[in-house]
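K.L.:
I am attaching a structure below and will ask some questions about it afterwards.
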Amino acid sequence: MSQEERIAANEDLFRKLNERKAEWLRSGQQTAGFRCECWRIDCGDRIRLSGREWEEVRSQANRFAVAPGHTAVDVEPDAEKVIKEYPNFWIVEKRGEAGDVAEKLDE
């Protein structure tokens, strides 16, 4: 597995966990916040997202919500790009092989 594939697979794991939390929110249950969807498998940071922000992140399969500064740019510069910065989270878009893997894993 390439480094870009590992990055996308880690982020997909956190995306799936957050999708369950989004279901809880829709049913009226409280959550402790969404998990940072960065590439670091050991990251346990939580981020707050409104329903509108959650929908914005999930509008494309190659997008992820990460804590500010939690990008893979230092590790794999071509793997992702920050496309929007909010005070409490950033939206990153996977590119190249990592983007392809993220989209396949979201099917």
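Labels used: A, B, ... for chains in the order of the structure tokens, numbers from 1 for residues in each chain, and numbers from 1 for ligands as shown.
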Using only C-alpha atoms, which protein or nucleic acid residues come within 12 Å of Pro87 (chain A)? Drop anything in the same chain fewer than 2 positions from it, and give the result as a count of residues only.
P.N.:
12
K.L.:
Between CA of Val57 (chain A) and CA of Glu19 (chain A), what is the distance, to one decimal in Å?
P.N.:
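Rounded to one decimal, the two atoms are 11.2 Å apart.
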K.L.:
Tell me, in Å to one decimal, how far CA of Asn88 (chain A) is from CA of Arg63 (chain A).
P.N.:
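These two atoms are separated by 16.2 Å.
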K.L.:
Excluding region 6-13 of chain A and residues on its chain fewer than 6 positions from it, collect all residues at most 9 Å away from it, counting only C-alpha atoms, and give them as a list of chain:residue names.
P.N.:
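Residues meeting the cut-off are A:Cys36, A:Glu37, A:Cys38, A:Trp39, A:Arg40, A:Ile41, A:Asn62, A:Phe64, A:Ala72, A:Glu76, A:Ala79, A:Lys94, A:Glu97, A:Ala98, A:Gly99, A:Asp100, A:Val101, A:Ala102, A:Leu105, A:Asp106.
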